[in-house]
Amino acid sequence: MNRRVRVKAPATVSNLNCGFDVIGMAINEPYDIVDIELTDNGLIEIAGIRGCQSISRDIDKNVAGAVLKAIISATGVKCGFRVIIEKGILPGSGIGSSAASSAATAFAANILLDNRFTLAELVAFAMEGERLASGSAHADNVAPAIYGGITLVRSYEPLDIIRLNIPPDLWSVVIHPRAEIKTSEARKILDKEIPLSTAVRQWGNVGGLVAGFFSSDYDLIGRSLVDYVAEPKRSALIPGFDMLRKAANEGGALGSGISGSGPSVFALCRGEDTAGEVLVKMSEVMNSSGIRFSGYSSPVNHEGTVRCN
Ligand code: HSE
């Protein structure tokens with residue numbers, strides 16, 4: 001029986017503009033690593049957090065605590081868990097920081113409990129981390145973090161995750177300005193109801209994006225990367241958003257938008273060279289703004305959460 005396991009979970013770009021709360025994609029960098037040791041004392045302990053000082057080790061305030069409590073409650077196991085988290089993804093970045101820690105915790109605990117759960121069940125446990133972090137148990141980050149690739153939450157009740165085709169030349173660029181946007185705050189500013197005419201345009205794009213992924217039709221993917229629901233409200237929270245979009249277009253991106261609830265901004269591209277060019281153009285905007293940032297260019301991450309020991 002495994003007593004200790006170390007796993008790695010990737011960052012994710014959720015929403016992909018039109019797919020608010022339902023579509024997400026895993027990228028290779030950055031990522032979180034979670035080490036969990038099985039103990040006999042029946043306690044959940046967050047023994048250490050590296051790479052970020054602002055995250056609480058209190059199990060009632062830490063996503064790993066929420067996930068492990070849900071797993072213990074579902075299984076009735078009497079064991080304890082000692083957790084060490086290495087944060088590669090900063091909280092409030094918009095690239096699935098809480099999701100990666102939640103996904104890694106669920107995946108690691110499952111190995112320690114002899115793989116009794118399916119990946120779909122691990123998504124449901126990881127959603128408890130999201131509920132704690134943002135007040136909403138959305139799955140559009142945790143699903144791709146666990147499965148890898150691009151996923152669609154077809155339904156929340158019952159939970160039904162669909163793995164979408166990954167076009168072979170699809171690359172992403174992510175610019176993470178070093179500011180923090182709390183997902184809970186970015187959700188509060190959204191309208192609770194939308195006009196039918198807006199919904200029609202939005203679900204047309206969701207269908208177009210899914211069709212574009214399955215047919216590897218890059219132009220269709222680009223045409224469908226439009227958001228009439230969250231972006232009009234949230235883009236004002238992101239300094240230089242319009243300039244970043246212009247830079248992405250100039251670099252040849254298929255489309256661009258807010259990653260999750262921001263402040264990260266993503267672009268999808270066809271091919272590594274175009275992604276490199278888009279990263280350069282978007283980085284130039286950030287350099288002239290004087291705002292600290294990190295930039296990433298990555299193909300779609302296929303593997304999701306993996307064991308690394
Ligand atoms: N779908 C969520 C939102 C993702 O946009 O609020 C948060 O990372």
# chains A, B, ... in the order shown; residues from 1 in each chain; ligands from 1
>>> closest_atom_pairs(of="range 128-242 of chain A", to="range 61-69 of chain A", cutoff="10 Å", atoms="only C-alpha atoms", output="CSV")
residue,atom,partner,partner_atom,distance
A:Glu128,CA,A:Val67,CA,5.7
A:Gly129,CA,A:Val63,CA,4.2
A:Glu130,CA,A:Val63,CA,7.2
A:Arg131,CA,A:Val63,CA,8.6
A:Leu132,CA,A:Val63,CA,6.4
A:Ala133,CA,A:Val63,CA,6.6
>>> residues_near_ligand(ligand="ligand 1", cutoff="8 Å", atoms="only C-alpha atoms and all ligand atoms", output="list in words")
Val13, Ser14, Asn15, Phe20, Asp21, Val22, Gly94, Ile95, Gly96, Ser134, His138, Ala139, Asp140, Asn141, Thr183, Ser184, Ala186, Arg187, Ala230, Ser259, Gly260, Ser261 and Gly262 of chain A
>>> closest_atom_pairs(of="range 147-188 of chain A", to="range 279-291 of chain A", cutoff="12 Å", atoms="only C-alpha atoms", output="JSON lines")
{"residue": "A:Trp171", "atom": "CA", "partner": "A:Leu279", "partner_atom": "CA", "distance": 11.0}
{"residue": "A:Ser172", "atom": "CA", "partner": "A:Leu279", "partner_atom": "CA", "distance": 9.2}
{"residue": "A:Val173", "atom": "CA", "partner": "A:Leu279", "partner_atom": "CA", "distance": 6.1}
{"residue": "A:Val174", "atom": "CA", "partner": "A:Leu279", "partner_atom": "CA", "distance": 7.8}
{"residue": "A:Ile175", "atom": "CA", "partner": "A:Met282", "partner_atom": "CA", "distance": 7.4}
{"residue": "A:His176", "atom": "CA", "partner": "A:Met286", "partner_atom": "CA", "distance": 9.6}
{"residue": "A:Pro177", "atom": "CA", "partner": "A:Ile291", "partner_atom": "CA", "distance": 6.6}
{"residue": "A:Arg178", "atom": "CA", "partner": "A:Ile291", "partner_atom": "CA", "distance": 7.1}
{"residue": "A:Ala179", "atom": "CA", "partner": "A:Ile291", "partner_atom": "CA", "distance": 8.7}
>>> closest_residue(among="A:Ile189, A:Val77, A:Ile166, A:Ile150", to="Leu237 in chain A", atoms="only C-alpha atoms")
A:Ile189
>>> closest_residue(among="A:Lys182, A:Arg154, A:Lys8, A:Lys188", to="Ser102 in chain A", atoms="only C-alpha atoms")
A:Lys8
>>> select_by_dssp(residues="range 54-288 of chain A", states="strand (DSSP E)", output="JSON list (two decimals) with all heavy atoms, in the first residue's frame")
[["chain", "number", "residue", "atom", "x", "y", "z"],
["A", 80, "GLY", "N", -5.50, 9.44, 8.59],
["A", 80, "GLY", "CA", -5.28, 10.88, 8.47],
["A", 80, "GLY", "C", -4.42, 11.17, 7.24],
["A", 80, "GLY", "O", -3.88, 10.26, 6.61],
["A", 81, "PHE", "N", -4.32, 12.46, 6.90],
["A", 81, "PHE", "CA", -3.51, 12.87, 5.75],
["A", 81, "PHE", "C", -2.63, 14.05, 6.15],
["A", 81, "PHE", "O", -3.12, 15.01, 6.75],
["A", 81, "PHE", "CB", -4.42, 13.32, 4.60],
["A", 81, "PHE", "CG", -5.32, 12.25, 4.05],
["A", 81, "PHE", "CD1", -6.63, 12.13, 4.47],
["A", 81, "PHE", "CD2", -4.84, 11.36, 3.09],
["A", 81, "PHE", "CE1", -7.47, 11.16, 3.96],
["A", 81, "PHE", "CE2", -5.68, 10.38, 2.58],
["A", 81, "PHE", "CZ", -6.99, 10.28, 3.01],
["A", 82, "ARG", "N", -1.36, 13.95, 5.81],
["A", 82, "ARG", "CA", -0.43, 15.06, 6.04],
["A", 82, "ARG", "C", -0.03, 15.61, 4.68],
["A", 82, "ARG", "O", 0.49, 14.87, 3.84],
["A", 82, "ARG", "CB", 0.78, 14.52, 6.81],
["A", 82, "ARG", "CG", 1.75, 15.58, 7.24],
["A", 82, "ARG", "CD", 2.82, 14.96, 8.16],
["A", 82, "ARG", "NE", 3.71, 16.00, 8.66],
["A", 82, "ARG", "CZ", 4.76, 16.43, 8.02],
["A", 82, "ARG", "NH1", 5.08, 15.91, 6.84],
["A", 82, "ARG", "NH2", 5.50, 17.38, 8.54],
["A", 83, "VAL", "N", -0.31, 16.89, 4.46],
["A", 83, "VAL", "CA", -0.21, 17.47, 3.11],
["A", 83, "VAL", "C", 0.85, 18.56, 3.05],
["A", 83, "VAL", "O", 0.94, 19.41, 3.93],
["A", 83, "VAL", "CB", -1.58, 18.10, 2.72],
["A", 83, "VAL", "CG1", -1.55, 18.62, 1.29],
["A", 83, "VAL", "CG2", -2.72, 17.12, 2.92],
["A", 84, "ILE", "N", 1.64, 18.52, 1.98],
["A", 84, "ILE", "CA", 2.55, 19.64, 1.68],
["A", 84, "ILE", "C", 2.24, 20.10, 0.25],
["A", 84, "ILE", "O", 2.15, 19.28, -0.67],
["A", 84, "ILE", "CB", 4.03, 19.23, 1.80],
["A", 84, "ILE", "CG1", 4.34, 18.86, 3.26],
["A", 84, "ILE", "CG2", 4.94, 20.36, 1.33],
["A", 84, "ILE", "CD1", 5.75, 18.36, 3.49],
["A", 85, "ILE", "N", 2.02, 21.40, 0.10],
["A", 85, "ILE", "CA", 1.62, 21.94, -1.21],
["A", 85, "ILE", "C", 2.72, 22.85, -1.74],
["A", 85, "ILE", "O", 3.21, 23.73, -1.02],
["A", 85, "ILE", "CB", 0.31, 22.75, -1.07],
["A", 85, "ILE", "CG1", -0.80, 21.87, -0.47],
["A", 85, "ILE", "CG2", -0.13, 23.32, -2.42],
["A", 85, "ILE", "CD1", -2.05, 22.65, -0.06],
["A", 86, "GLU", "N", 3.12, 22.63, -2.97],
["A", 86, "GLU", "CA", 4.06, 23.54, -3.65],
["A", 86, "GLU", "C", 3.29, 24.31, -4.70],
["A", 86, "GLU", "O", 2.85, 23.74, -5.71],
["A", 86, "GLU", "CB", 5.19, 22.74, -4.32],
["A", 86, "GLU", "CG", 6.16, 22.14, -3.35],
["A", 86, "GLU", "CD", 7.22, 21.30, -4.05],
["A", 86, "GLU", "OE1", 7.56, 21.57, -5.22],
["A", 86, "GLU", "OE2", 7.69, 20.34, -3.41],
["A", 150, "ILE", "N", -9.09, 19.23, -23.19],
["A", 150, "ILE", "CA", -10.15, 20.23, -23.19],
["A", 150, "ILE", "C", -11.43, 19.51, -22.77],
["A", 150, "ILE", "O", -11.74, 18.44, -23.31],
["A", 150, "ILE", "CB", -10.35, 20.85, -24.60],
["A", 150, "ILE", "CG1", -9.00, 21.29, -25.19],
["A", 150, "ILE", "CG2", -11.31, 22.03, -24.54],
["A", 150, "ILE", "CD1", -9.07, 21.67, -26.68],
["A", 151, "THR", "N", -12.14, 20.09, -21.81],
["A", 151, "THR", "CA", -13.35, 19.40, -21.33],
["A", 151, "THR", "C", -14.56, 20.33, -21.38],
["A", 151, "THR", "O", -14.42, 21.55, -21.32],
["A", 151, "THR", "CB", -13.17, 18.91, -19.87],
["A", 151, "THR", "OG1", -12.80, 20.01, -19.05],
["A", 151, "THR", "CG2", -12.11, 17.82, -19.77],
["A", 152, "LEU", "N", -15.71, 19.69, -21.45],
["A", 152, "LEU", "CA", -17.00, 20.39, -21.42],
["A", 152, "LEU", "C", -17.81, 19.81, -20.27],
["A", 152, "LEU", "O", -17.95, 18.58, -20.18],
["A", 152, "LEU", "CB", -17.75, 20.16, -22.74],
["A", 152, "LEU", "CG", -19.22, 20.57, -22.76],
["A", 152, "LEU", "CD1", -19.37, 22.09, -22.82],
["A", 152, "LEU", "CD2", -19.96, 19.93, -23.95],
["A", 153, "VAL", "N", -18.32, 20.67, -19.39],
["A", 153, "VAL", "CA", -19.26, 20.21, -18.37],
["A", 153, "VAL", "C", -20.64, 20.28, -19.02],
["A", 153, "VAL", "O", -21.27, 21.33, -19.07],
["A", 153, "VAL", "CB", -19.21, 21.09, -17.11],
["A", 153, "VAL", "CG1", -20.08, 20.49, -16.00],
["A", 153, "VAL", "CG2", -17.78, 21.29, -16.61],
["A", 154, "ARG", "N", -21.09, 19.15, -19.56],
["A", 154, "ARG", "CA", -22.41, 19.17, -20.22],
["A", 154, "ARG", "C", -23.51, 19.41, -19.21],
["A", 154, "ARG", "O", -24.50, 20.07, -19.49],
["A", 154, "ARG", "CB", -22.64, 17.84, -20.96],
["A", 154, "ARG", "CG", -23.89, 17.88, -21.85],
["A", 154, "ARG", "CD", -24.49, 16.51, -22.09],
["A", 154, "ARG", "NE", -24.88, 15.81, -20.88],
["A", 154, "ARG", "CZ", -26.02, 16.00, -20.22],
["A", 154, "ARG", "NH1", -26.89, 16.90, -20.62],
["A", 154, "ARG", "NH2", -26.28, 15.31, -19.11],
["A", 155, "SER", "N", -23.33, 18.86, -18.00],
["A", 155, "SER", "CA", -24.34, 19.03, -16.97],
["A", 155, "SER", "C", -23.66, 19.00, -15.60],
["A", 155, "SER", "O", -22.68, 18.27, -15.40],
["A", 155, "SER", "CB", -25.36, 17.88, -17.07],
["A", 155, "SER", "OG", -26.00, 17.65, -15.85],
["A", 156, "TYR", "N", -24.19, 19.79, -14.67],
["A", 156, "TYR", "CA", -23.71, 19.76, -13.28],
["A", 156, "TYR", "C", -24.52, 18.78, -12.44],
["A", 156, "TYR", "O", -24.02, 18.21, -11.48],
["A", 156, "TYR", "CB", -23.75, 21.16, -12.66],
["A", 156, "TYR", "CG", -22.50, 21.96, -12.98],
["A", 156, "TYR", "CD1", -22.42, 22.77, -14.10],
["A", 156, "TYR", "CD2", -21.37, 21.89, -12.16],
["A", 156, "TYR", "CE1", -21.27, 23.49, -14.40],
["A", 156, "TYR", "CE2", -20.21, 22.59, -12.44],
["A", 156, "TYR", "CZ", -20.16, 23.39, -13.56],
["A", 156, "TYR", "OH", -19.02, 24.09, -13.84],
["A", 159, "LEU", "N", -23.45, 15.36, -12.67],
["A", 159, "LEU", "CA", -22.20, 15.82, -13.27],
["A", 159, "LEU", "C", -21.87, 14.96, -14.50],
["A", 159, "LEU", "O", -21.86, 13.74, -14.43],
["A", 159, "LEU", "CB", -21.07, 15.70, -12.23],
["A", 159, "LEU", "CG", -19.75, 16.33, -12.61],
["A", 159, "LEU", "CD1", -19.88, 17.83, -12.82],
["A", 159, "LEU", "CD2", -18.69, 16.05, -11.54],
["A", 160, "ASP", "N", -21.66, 15.62, -15.63],
["A", 160, "ASP", "CA", -21.40, 14.90, -16.88],
["A", 160, "ASP", "C", -20.30, 15.66, -17.62],
["A", 160, "ASP", "O", -20.54, 16.74, -18.18],
["A", 160, "ASP", "CB", -22.69, 14.84, -17.71],
["A", 160, "ASP", "CG", -22.54, 13.99, -18.96],
["A", 160, "ASP", "OD1", -21.48, 13.36, -19.16],
["A", 160, "ASP", "OD2", -23.50, 13.97, -19.77],
["A", 161, "ILE", "N", -19.09, 15.12, -17.56],
["A", 161, "ILE", "CA", -17.93, 15.78, -18.16],
["A", 161, "ILE", "C", -17.63, 15.11, -19.50],
["A", 161, "ILE", "O", -17.47, 13.89, -19.57],
["A", 161, "ILE", "CB", -16.67, 15.63, -17.26],
["A", 161, "ILE", "CG1", -16.97, 16.03, -15.81],
["A", 161, "ILE", "CG2", -15.49, 16.39, -17.86],
["A", 161, "ILE", "CD1", -17.12, 17.49, -15.57],
["A", 162, "ILE", "N", -17.52, 15.90, -20.55],
["A", 162, "ILE", "CA", -17.23, 15.38, -21.88],
["A", 162, "ILE", "C", -15.80, 15.82, -22.26],
["A", 162, "ILE", "O", -15.48, 17.01, -22.16],
["A", 162, "ILE", "CB", -18.19, 15.97, -22.95],
["A", 162, "ILE", "CG1", -19.66, 15.92, -22.46],
["A", 162, "ILE", "CG2", -18.01, 15.27, -24.29],
["A", 162, "ILE", "CD1", -20.23, 14.57, -22.27],
["A", 163, "ARG", "N", -15.01, 14.87, -22.67],
["A", 163, "ARG", "CA", -13.65, 15.21, -23.13],
["A", 163, "ARG", "C", -13.72, 15.55, -24.61],
["A", 163, "ARG", "O", -14.20, 14.76, -25.41],
["A", 163, "ARG", "CB", -12.70, 14.03, -22.87],
["A", 163, "ARG", "CG", -12.67, 13.68, -21.40],
["A", 163, "ARG", "CD", -11.78, 12.51, -21.11],
["A", 163, "ARG", "NE", -10.38, 12.91, -21.15],
["A", 163, "ARG", "CZ", -9.38, 12.09, -20.85],
["A", 163, "ARG", "NH1", -9.63, 10.84, -20.50],
["A", 163, "ARG", "NH2", -8.14, 12.51, -20.90],
["A", 164, "LEU", "N", -13.25, 16.73, -24.96],
["A", 164, "LEU", "CA", -13.34, 17.20, -26.34],
["A", 164, "LEU", "C", -12.08, 16.83, -27.11],
["A", 164, "LEU", "O", -11.02, 16.62, -26.52],
["A", 164, "LEU", "CB", -13.56, 18.72, -26.36],
["A", 164, "LEU", "CG", -14.77, 19.23, -25.55],
["A", 164, "LEU", "CD1", -14.91, 20.74, -25.70],
["A", 164, "LEU", "CD2", -16.06, 18.54, -25.98],
["A", 170, "LEU", "N", -3.05, 23.05, -31.85],
["A", 170, "LEU", "CA", -3.59, 24.11, -30.97],
["A", 170, "LEU", "C", -2.60, 24.46, -29.86],
["A", 170, "LEU", "O", -2.16, 23.59, -29.11],
["A", 170, "LEU", "CB", -4.92, 23.66, -30.36],
["A", 170, "LEU", "CG", -5.72, 24.77, -29.69],
["A", 170, "LEU", "CD1", -6.18, 25.82, -30.72],
["A", 170, "LEU", "CD2", -6.93, 24.22, -28.95],
["A", 171, "TRP", "N", -2.26, 25.73, -29.78],
["A", 171, "TRP", "CA", -1.37, 26.25, -28.74],
["A", 171, "TRP", "C", -2.07, 27.38, -28.01],
["A", 171, "TRP", "O", -2.98, 28.01, -28.55],
["A", 171, "TRP", "CB", -0.07, 26.78, -29.36],
["A", 171, "TRP", "CG", 0.93, 25.69, -29.61],
["A", 171, "TRP", "CD1", 0.80, 24.66, -30.49],
["A", 171, "TRP", "CD2", 2.18, 25.52, -28.94],
["A", 171, "TRP", "NE1", 1.90, 23.84, -30.41],
["A", 171, "TRP", "CE2", 2.77, 24.35, -29.47],
["A", 171, "TRP", "CE3", 2.87, 26.23, -27.96],
["A", 171, "TRP", "CZ2", 4.02, 23.89, -29.05],
["A", 171, "TRP", "CZ3", 4.12, 25.77, -27.54],
["A", 171, "TRP", "CH2", 4.67, 24.60, -28.07],
["A", 172, "SER", "N", -1.59, 27.60, -26.79],
["A", 172, "SER", "CA", -2.16, 28.72, -26.02],
["A", 172, "SER", "C", -1.04, 29.65, -25.57],
["A", 172, "SER", "O", 0.11, 29.23, -25.41],
["A", 172, "SER", "CB", -2.87, 28.19, -24.77],
["A", 172, "SER", "OG", -1.90, 27.67, -23.89],
["A", 173, "VAL", "N", -1.41, 30.89, -25.39],
["A", 173, "VAL", "CA", -0.52, 31.87, -24.76],
["A", 173, "VAL", "C", -1.27, 32.43, -23.57],
["A", 173, "VAL", "O", -2.48, 32.71, -23.67],
["A", 173, "VAL", "CB", -0.16, 33.01, -25.75],
["A", 173, "VAL", "CG1", 0.57, 34.14, -25.05],
["A", 173, "VAL", "CG2", 0.66, 32.45, -26.91],
["A", 174, "VAL", "N", -0.59, 32.54, -22.44],
["A", 174, "VAL", "CA", -1.22, 33.13, -21.26],
["A", 174, "VAL", "C", -0.31, 34.23, -20.73],
["A", 174, "VAL", "O", 0.89, 34.02, -20.55],
["A", 174, "VAL", "CB", -1.47, 32.07, -20.15],
["A", 174, "VAL", "CG1", -1.88, 32.74, -18.85],
["A", 174, "VAL", "CG2", -2.54, 31.08, -20.59],
["A", 175, "ILE", "N", -0.91, 35.38, -20.49],
["A", 175, "ILE", "CA", -0.20, 36.48, -19.81],
["A", 175, "ILE", "C", -0.84, 36.64, -18.45],
["A", 175, "ILE", "O", -2.06, 36.84, -18.34],
["A", 175, "ILE", "CB", -0.35, 37.81, -20.61],
["A", 175, "ILE", "CG1", 0.33, 37.71, -21.98],
["A", 175, "ILE", "CG2", 0.19, 38.99, -19.80],
["A", 175, "ILE", "CD1", 1.83, 37.72, -21.96],
["A", 176, "HIS", "N", -0.02, 36.51, -17.42],
["A", 176, "HIS", "CA", -0.53, 36.65, -16.05],
["A", 176, "HIS", "C", 0.03, 37.93, -15.44],
["A", 176, "HIS", "O", 1.16, 37.93, -14.94],
["A", 176, "HIS", "CB", -0.13, 35.42, -15.23],
["A", 176, "HIS", "CG", -0.39, 35.59, -13.75],
["A", 176, "HIS", "ND1", 0.38, 34.99, -12.79],
["A", 176, "HIS", "CD2", -1.32, 36.32, -13.08],
["A", 176, "HIS", "CE1", -0.07, 35.33, -11.60],
["A", 176, "HIS", "NE2", -1.08, 36.14, -11.74],
["A", 177, "PRO", "N", -0.76, 39.02, -15.45],
["A", 177, "PRO", "CA", -0.31, 40.24, -14.77],
["A", 177, "PRO", "C", -0.31, 39.99, -13.27],
["A", 177, "PRO", "O", -1.23, 39.35, -12.76],
["A", 177, "PRO", "CB", -1.37, 41.29, -15.14],
["A", 177, "PRO", "CG", -2.24, 40.64, -16.17],
["A", 177, "PRO", "CD", -2.10, 39.17, -16.01],
["A", 255, "GLY", "N", -7.88, 33.90, -31.52],
["A", 255, "GLY", "CA", -8.77, 34.69, -30.68],
["A", 255, "GLY", "C", -8.15, 34.82, -29.31],
["A", 255, "GLY", "O", -7.14, 34.16, -29.01],
["A", 256, "SER", "N", -8.74, 35.66, -28.47],
["A", 256, "SER", "CA", -8.16, 35.88, -27.14],
["A", 256, "SER", "C", -9.28, 36.27, -26.19],
["A", 256, "SER", "O", -10.40, 36.58, -26.61],
["A", 256, "SER", "CB", -7.11, 36.99, -27.19],
["A", 256, "SER", "OG", -7.71, 38.19, -27.66],
["A", 257, "GLY", "N", -8.96, 36.29, -24.90],
["A", 257, "GLY", "CA", -9.98, 36.66, -23.92],
["A", 257, "GLY", "C", -9.44, 36.56, -22.52],
["A", 257, "GLY", "O", -8.23, 36.39, -22.30],
["A", 258, "ILE", "N", -10.37, 36.63, -21.56],
["A", 258, "ILE", "CA", -10.00, 36.54, -20.14],
["A", 258, "ILE", "C", -9.89, 35.07, -19.77],
["A", 258, "ILE", "O", -10.79, 34.28, -20.07],
["A", 258, "ILE", "CB", -11.07, 37.21, -19.26],
["A", 258, "ILE", "CG1", -11.27, 38.67, -19.68],
["A", 258, "ILE", "CG2", -10.68, 37.12, -17.79],
["A", 258, "ILE", "CD1", -12.47, 39.34, -19.01],
["A", 265, "VAL", "N", -4.84, 36.82, -19.18],
["A", 265, "VAL", "CA", -5.45, 36.94, -20.50],
["A", 265, "VAL", "C", -4.84, 35.84, -21.37],
["A", 265, "VAL", "O", -3.62, 35.61, -21.31],
["A", 265, "VAL", "CB", -5.17, 38.34, -21.10],
["A", 265, "VAL", "CG1", -5.69, 38.43, -22.53],
["A", 265, "VAL", "CG2", -5.81, 39.41, -20.23],
["A", 266, "PHE", "N", -5.67, 35.13, -22.12],
["A", 266, "PHE", "CA", -5.16, 34.03, -22.94],
["A", 266, "PHE", "C", -5.39, 34.33, -24.42],
["A", 266, "PHE", "O", -6.23, 35.16, -24.79],
["A", 266, "PHE", "CB", -5.86, 32.70, -22.58],
["A", 266, "PHE", "CG", -7.22, 32.58, -23.20],
["A", 266, "PHE", "CD1", -7.41, 31.88, -24.39],
["A", 266, "PHE", "CD2", -8.32, 33.20, -22.63],
["A", 266, "PHE", "CE1", -8.66, 31.80, -24.99],
["A", 266, "PHE", "CE2", -9.57, 33.12, -23.21],
["A", 266, "PHE", "CZ", -9.75, 32.42, -24.39],
["A", 267, "ALA", "N", -4.63, 33.64, -25.24],
["A", 267, "ALA", "CA", -4.89, 33.64, -26.69],
["A", 267, "ALA", "C", -4.76, 32.19, -27.15],
["A", 267, "ALA", "O", -3.94, 31.44, -26.62],
["A", 267, "ALA", "CB", -3.90, 34.53, -27.42],
["A", 268, "LEU", "N", -5.57, 31.78, -28.10],
["A", 268, "LEU", "CA", -5.37, 30.48, -28.75],
["A", 268, "LEU", "C", -4.74, 30.73, -30.11],
["A", 268, "LEU", "O", -5.07, 31.71, -30.80],
["A", 268, "LEU", "CB", -6.70, 29.73, -28.92],
["A", 268, "LEU", "CG", -7.40, 29.26, -27.64],
["A", 268, "LEU", "CD1", -8.59, 28.36, -27.98],
["A", 268, "LEU", "CD2", -6.44, 28.54, -26.70],
["A", 269, "CYS", "N", -3.84, 29.83, -30.49],
["A", 269, "CYS", "CA", -3.06, 30.02, -31.71],
["A", 269, "CYS", "C", -2.96, 28.70, -32.46],
["A", 269, "CYS", "O", -3.05, 27.63, -31.86],
["A", 269, "CYS", "CB", -1.63, 30.45, -31.37],
["A", 269, "CYS", "SG", -1.56, 31.93, -30.35],
["A", 270, "ARG", "N", -2.72, 28.81, -33.76],
["A", 270, "ARG", "CA", -2.42, 27.61, -34.54],
["A", 270, "ARG", "C", -0.90, 27.52, -34.69],
["A", 270, "ARG", "O", -0.29, 28.31, -35.41],
["A", 270, "ARG", "CB", -3.07, 27.69, -35.92],
["A", 270, "ARG", "CG", -2.78, 26.44, -36.71],
["A", 270, "ARG", "CD", -3.53, 26.37, -38.00],
["A", 270, "ARG", "NE", -3.38, 25.03, -38.53],
["A", 270, "ARG", "CZ", -4.04, 24.54, -39.56],
["A", 270, "ARG", "NH1", -4.92, 25.30, -40.20],
["A", 270, "ARG", "NH2", -3.84, 23.31, -39.97]]
